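Below is one structure, written out as structure tokens; comments come after it.
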Amino acid sequence: MKIAWIGTGVMGKPMVSHIISAGYQVTAYNRSLEKMNDLSCHKVTTLKEAVKDADVIFSIVGYPRDVEQIYLKEDGIFTYAKTGAICIDMTTSSATLAEKLYTEAKKRHLHMLDAPVSGGDIGAKNASLSIMVGGDEDIYIKVNDLLQCLGNKITFIGAAGSGQHCKMVNQIVVAGNIAAITEGMVYAKEMGLDGQTILSAIGSGAAASWQVTNNGPKILSEDFAPGFYIHHFIKDLNLVKEEAAKKQLQCQIAELVVGLYESLSDEEKYLGTQALIKAYQK
């Protein structure tokens, strides 16, 4: 089976490394060629070269506009993918776009799955991601072994776009959690409490969460290196707002937290999501 992998950033590089380690024949493409330097696979400089012979095409890029461009532009994936190829977009993107890509793929005798992930760079490096899949279930079953190389929780959600909608639910819950642990650490400091002791105390109770375990210590140590960029999380929460608006639904947590993140400077938005503490400090 020949695999094409598009996007080798913070998430994509460790993810494709697992596919390579599993013994699959992989061709990788990234706009910034230097980000592929240490990958032990075939590396190319155009989308055409990457996808023309591929049985399965993975993509994980930055924004919905990037997804639309790589698939639908004149020299994009849909132009050069061979008949019957399975495309799997793992970018956190628009559910509406996922539905559009699914329909367009069908017209071209291709298959399309939306399969966004959760778990950050840690999950990508440890192959412990949660993967949420939308599309045709029979196609999902065909690529499940590949997805198992990337995560330890693979869930088929439903029709095209369902994976993206599930990721929006995930991001709403993450937003509440990261804001809560940040606010909690601010409160602890103001009350003269030791942050590490607090994290230990709450980390095994009802407040236990991935954010407490992973981002709590980073907040205390002011380690703001990006496991997941703020500017990408802002994109995700604005997608929540856009999709919710179509149903006249107000997502108050998403709106509150995205407002806090948007108050940060452009430079700060390239830090990790745990740098939300900077908004509280202002």
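How things are named: the first chain in the structure tokens is A, the next is B, and so on; residues count from 1 in each chain; ligands count from 1 in the order shown.
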Test item: residues at most 8 Å from region 6-22 of chain A, only C-alpha atoms, excluding those fewer than 3 positions along its chain, as a short mmCIF file (atom, residue, chain, number, x, y, z; two decimals) with C-alpha atoms, in the first residue's frame:
```
data_model
loop_
_atom_site.label_atom_id
_atom_site.label_comp_id
_atom_site.auth_asym_id
_atom_site.auth_seq_id
_atom_site.Cartn_x
_atom_site.Cartn_y
_atom_site.Cartn_z
CA GLN A 25 5.79 3.00 1.68
CA VAL A 26 5.42 6.74 2.28
CA ALA A 28 5.81 13.10 2.03
CA TYR A 29 5.16 16.68 0.94
CA ASN A 30 5.36 19.93 2.89
CA ARG A 31 5.51 23.52 1.65
CA LYS A 35 10.55 20.40 7.88
CA MET A 36 10.95 17.04 6.13
CA LEU A 39 12.08 11.91 7.74
CA SER A 40 13.25 8.53 6.46
CA CYS A 41 10.88 8.36 3.50
CA LEU A 47 1.48 17.68 -4.53
CA ALA A 50 3.14 13.06 -3.64
CA ILE A 57 -3.61 10.26 1.06
CA PHE A 58 -3.31 11.87 4.51
CA SER A 59 -3.36 15.62 5.08
CA ILE A 60 -2.87 17.69 8.22
CA VAL A 61 -2.32 21.38 7.55
CA GLY A 120 -1.64 17.60 21.03
CA ASP A 121 2.01 17.08 20.21
CA ALA A 124 1.18 12.71 18.18
CA LYS A 125 4.63 11.68 19.47
CA ALA A 127 0.75 7.57 18.98
CA LEU A 146 -3.44 2.83 9.40
CA CYS A 149 -0.68 3.52 13.98
CA LEU A 150 -1.52 7.07 15.04
CA GLY A 227 2.29 21.74 22.00
#
```
Would you list the contacts of Ile131 (chain A) as a CSV table (one decimal) with N, CA and C atoms, in the first residue's frame, taking every protein, DNA or RNA residue within 8 Å and counting only C-alpha atoms, but skipping same-chain residues closer than 4 positions in sequence?
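What ended up in selection.csv:
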```csv
chain,number,residue,atom,x,y,z
A,115,ALA,N,-11.1,13.3,9.6
A,115,ALA,CA,-10.6,12.6,10.8
A,115,ALA,C,-9.7,13.5,11.6
A,116,PRO,N,-10.2,14.5,12.2
A,116,PRO,CA,-9.4,15.4,13.1
A,116,PRO,C,-9.0,14.6,14.3
A,117,VAL,N,-8.0,15.1,15.0
A,117,VAL,CA,-7.4,14.4,16.1
A,117,VAL,C,-7.3,15.3,17.4
A,118,SER,N,-7.2,14.7,18.5
A,118,SER,CA,-7.0,15.4,19.8
A,118,SER,C,-5.9,14.7,20.6
A,147,LEU,N,-4.9,4.1,10.8
A,147,LEU,CA,-5.3,5.0,11.9
A,147,LEU,C,-4.8,4.5,13.3
A,151,GLY,N,-3.1,6.5,16.8
A,151,GLY,CA,-3.8,6.8,18.0
A,151,GLY,C,-4.3,5.6,18.7
A,153,LYS,N,-7.4,5.7,20.4
A,153,LYS,CA,-8.8,5.8,20.4
A,153,LYS,C,-9.3,6.3,19.1
A,154,ILE,N,-9.8,5.3,18.3
A,154,ILE,CA,-10.3,5.6,16.9
A,154,ILE,C,-11.8,5.4,17.0
A,155,THR,N,-12.5,6.5,16.7
A,155,THR,CA,-14.0,6.4,16.8
A,155,THR,C,-14.6,6.9,15.4
```
Using 12 Å as the limit and counting only C-alpha atoms, can you tabulate each residue of region 5-124 of chain A that touches region 237-250 of chain A, with its shortest atom-to-atom distance in Å and the two atoms involved, as a Markdown table?
```
| residue | atom | partner | partner_atom | distance |
| --- | --- | --- | --- | --- |
| A:Tyr63 | CA | A:Leu239 | CA | 10.3 |
| A:Pro64 | CA | A:Leu239 | CA | 9.4 |
| A:Thr92 | CA | A:Leu239 | CA | 9.2 |
| A:Ser93 | CA | A:Leu239 | CA | 7.6 |
| A:Ser94 | CA | A:Leu239 | CA | 6.5 |
| A:Ala95 | CA | A:Glu243 | CA | 7.7 |
| A:Thr96 | CA | A:Glu243 | CA | 8.1 |
| A:Leu97 | CA | A:Glu243 | CA | 11.0 |
```
How many Å lie between CA of Ile141 (chain A) and CA of Asn126 (chain A), rounded to one decimal?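 Pair CA of Ile141 (chain A) / CA of Asn126 (chain A) returns 22.8 Å.
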Find the spatial neighbours of region 163-177 of chain A, counting only C-alpha atoms, within a cut-off of 6 Å - ignore same-chain residues fewer than 3 positions away - and output them as an mmCIF file with C-alpha atoms, in the first residue's frame.
```cif
data_model
loop_
_atom_site.group_PDB
_atom_site.id
_atom_site.type_symbol
_atom_site.label_atom_id
_atom_site.label_comp_id
_atom_site.auth_asym_id
_atom_site.auth_seq_id
_atom_site.Cartn_x
_atom_site.Cartn_y
_atom_site.Cartn_z
ATOM 1 C CA ALA A 95 -17.537 20.561 8.929
ATOM 2 C CA ASP A 114 -12.625 13.835 7.815
ATOM 3 C CA ALA A 115 -10.574 12.596 10.756
ATOM 4 C CA MET A 132 -12.751 11.199 15.226
ATOM 5 C CA VAL A 133 -13.850 9.995 11.799
ATOM 6 C CA GLY A 134 -16.615 11.153 9.488
ATOM 7 C CA ILE A 157 -18.717 9.220 14.346
ATOM 8 C CA ALA A 180 -10.471 26.612 34.472
ATOM 9 C CA VAL A 240 -17.254 26.428 16.727
ATOM 10 C CA ALA A 254 -16.129 29.024 23.398
#
```
Near Leu199 (chain A), counting only C-alpha atoms, which residues have an atom at most 9 Å away, once you skip same-chain residues fewer than 4 positions from it, shown as a list in words?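 My reading of the contact set: Met185, Asp194, Gly195, Gly203, Ser204, Val212, Thr213, Gly216 and Pro217 of chain A.
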Preceding selection exported with N, CA and C atoms as a short mmCIF file (atom, residue, chain, number, x, y, z; two decimals), in the first residue's frame:
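In the end it all went to out25.cif:
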```
data_model
loop_
_atom_site.label_atom_id
_atom_site.label_comp_id
_atom_site.auth_asym_id
_atom_site.auth_seq_id
_atom_site.Cartn_x
_atom_site.Cartn_y
_atom_site.Cartn_z
N MET A 185 -5.07 28.36 38.94
CA MET A 185 -3.69 28.65 39.32
C MET A 185 -3.50 30.12 39.72
N ASP A 194 0.89 26.93 47.36
CA ASP A 194 1.91 26.37 46.49
C ASP A 194 1.24 25.65 45.32
N GLY A 195 1.56 26.10 44.11
CA GLY A 195 0.89 25.56 42.92
C GLY A 195 1.08 24.07 42.75
N GLY A 203 -5.39 16.73 41.26
CA GLY A 203 -5.15 15.89 40.09
C GLY A 203 -5.71 14.50 40.17
N SER A 204 -6.15 14.08 41.35
CA SER A 204 -6.72 12.73 41.50
C SER A 204 -8.19 12.78 41.89
N VAL A 212 -5.05 19.57 33.53
CA VAL A 212 -4.42 19.64 34.86
C VAL A 212 -3.08 18.91 34.85
N THR A 213 -3.07 17.71 34.27
CA THR A 213 -1.86 16.89 34.27
C THR A 213 -0.76 17.45 33.38
N GLY A 216 -1.07 22.14 33.51
CA GLY A 216 -0.93 22.74 34.84
C GLY A 216 0.53 23.00 35.21
N PRO A 217 1.40 21.98 35.13
CA PRO A 217 2.82 22.20 35.46
C PRO A 217 3.48 23.22 34.53
#
```
Quick one: of A:Asn152, A:Thr83, A:Asn144, A:Thr46, who's nearest to Ser130 (chain A), counting only C-alpha atoms?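 Closest to Ser130 (chain A) of all the choices is A:Asn152.
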Step one, run DSSP on the backbone; step two, keep only residues of region 43-242 of chain A assigned to strand (DSSP E); then write them as a ChimeraX atom specification. /A:43-44,56-59,86-89,111-114,117-118,129-134,151-158
Residues of region 165-238 of chain A at most 10 Å from region 261-280 of chain A: nearest atom pair and distance in Å, only C-alpha atoms, as JSON lines:
```
{"residue": "A:Ala175", "atom": "CA", "partner": "A:Thr273", "partner_atom": "CA", "distance": 9.4}
{"residue": "A:Ile178", "atom": "CA", "partner": "A:Gln274", "partner_atom": "CA", "distance": 7.0}
{"residue": "A:Ala179", "atom": "CA", "partner": "A:Leu276", "partner_atom": "CA", "distance": 7.4}
{"residue": "A:Ile181", "atom": "CA", "partner": "A:Gln274", "partner_atom": "CA", "distance": 9.3}
{"residue": "A:Thr182", "atom": "CA", "partner": "A:Ile277", "partner_atom": "CA", "distance": 5.8}
{"residue": "A:Glu183", "atom": "CA", "partner": "A:Tyr280", "partner_atom": "CA", "distance": 7.5}
{"residue": "A:Met185", "atom": "CA", "partner": "A:Ile277", "partner_atom": "CA", "distance": 8.7}
{"residue": "A:Val186", "atom": "CA", "partner": "A:Tyr280", "partner_atom": "CA", "distance": 7.7}
{"residue": "A:Gln211", "atom": "CA", "partner": "A:Gln274", "partner_atom": "CA", "distance": 8.8}
{"residue": "A:Asn214", "atom": "CA", "partner": "A:Gln274", "partner_atom": "CA", "distance": 9.4}
{"residue": "A:Asn215", "atom": "CA", "partner": "A:Gln274", "partner_atom": "CA", "distance": 5.9}
{"residue": "A:Gly216", "atom": "CA", "partner": "A:Gln274", "partner_atom": "CA", "distance": 7.9}
{"residue": "A:Pro217", "atom": "CA", "partner": "A:Gln274", "partner_atom": "CA", "distance": 9.6}
{"residue": "A:Lys218", "atom": "CA", "partner": "A:Gln274", "partner_atom": "CA", "distance": 7.0}
{"residue": "A:Ile219", "atom": "CA", "partner": "A:Gln274", "partner_atom": "CA", "distance": 6.0}
{"residue": "A:Leu220", "atom": "CA", "partner": "A:Ile277", "partner_atom": "CA", "distance": 9.5}
{"residue": "A:Glu222", "atom": "CA", "partner": "A:Ala275", "partner_atom": "CA", "distance": 7.9}
{"residue": "A:Asp223", "atom": "CA", "partner": "A:Gln274", "partner_atom": "CA", "distance": 8.2}
{"residue": "A:Phe224", "atom": "CA", "partner": "A:Gly272", "partner_atom": "CA", "distance": 5.3}
{"residue": "A:Ala225", "atom": "CA", "partner": "A:Gly272", "partner_atom": "CA", "distance": 5.4}
{"residue": "A:Pro226", "atom": "CA", "partner": "A:Gly272", "partner_atom": "CA", "distance": 3.6}
{"residue": "A:Gly227", "atom": "CA", "partner": "A:Gly272", "partner_atom": "CA", "distance": 5.7}
{"residue": "A:Phe228", "atom": "CA", "partner": "A:Gly272", "partner_atom": "CA", "distance": 5.3}
{"residue": "A:Tyr229", "atom": "CA", "partner": "A:Gly272", "partner_atom": "CA", "distance": 4.7}
{"residue": "A:Ile230", "atom": "CA", "partner": "A:Lys269", "partner_atom": "CA", "distance": 4.9}
{"residue": "A:His231", "atom": "CA", "partner": "A:Lys269", "partner_atom": "CA", "distance": 5.1}
{"residue": "A:His232", "atom": "CA", "partner": "A:Lys269", "partner_atom": "CA", "distance": 8.6}
{"residue": "A:Phe233", "atom": "CA", "partner": "A:Thr273", "partner_atom": "CA", "distance": 7.3}
{"residue": "A:Ile234", "atom": "CA", "partner": "A:Tyr261", "partner_atom": "CA", "distance": 6.9}
```
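With only C-alpha atoms as the basis for measurement, A:Phe78 is the residue among A:Gly205, A:Ser32, A:Phe78, A:Gly119 that approaches Lys107 (chain A) most closely.
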Expected answer as a ChimeraX atom specification: alpha helix (DSSP H) residues in region 28-229 of chain A: /A:47-51,64-72,77-80,95-107,120-126,137-148,162-190,195-202,210,216-221
Which residues are close to Met112 (chain A), i.e. within 7 Å by only C-alpha atoms, leaving aside same-chain residues fewer than 4 positions away? Reply as a short mmCIF file (atom, residue, chain, number, x, y, z; two decimals) with C-alpha atoms, in the first residue's frame.
```cif
data_model
loop_
_atom_site.label_atom_id
_atom_site.label_comp_id
_atom_site.auth_asym_id
_atom_site.auth_seq_id
_atom_site.Cartn_x
_atom_site.Cartn_y
_atom_site.Cartn_z
CA ILE A 86 -8.83 7.27 -0.11
CA CYS A 87 -8.22 10.82 1.18
CA ILE A 88 -8.10 11.40 4.94
CA LEU A 101 -14.85 17.74 -0.10
CA TYR A 102 -16.73 14.47 0.38
CA ALA A 105 -14.40 13.40 -4.10
CA GLY A 135 -17.50 9.69 6.09
#
```
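Here the question is which of A:Val56, A:Met191, A:Ala4, A:Leu260 gets nearest to Val143 (chain A) using only C-alpha atoms, and that residue is A:Val56.
Of the residues listed (A:Ala159, A:Ile70, A:Val258, A:Leu113), A:Leu113 shows the shortest atom-to-atom separation from Tyr140 (chain A); distances use only C-alpha atoms.
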Figure out the distance between CA of Lys282 (chain A) and CA of Trp210 (chain A), please, to one decimal in Å.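 It comes out at 25.5 Å.
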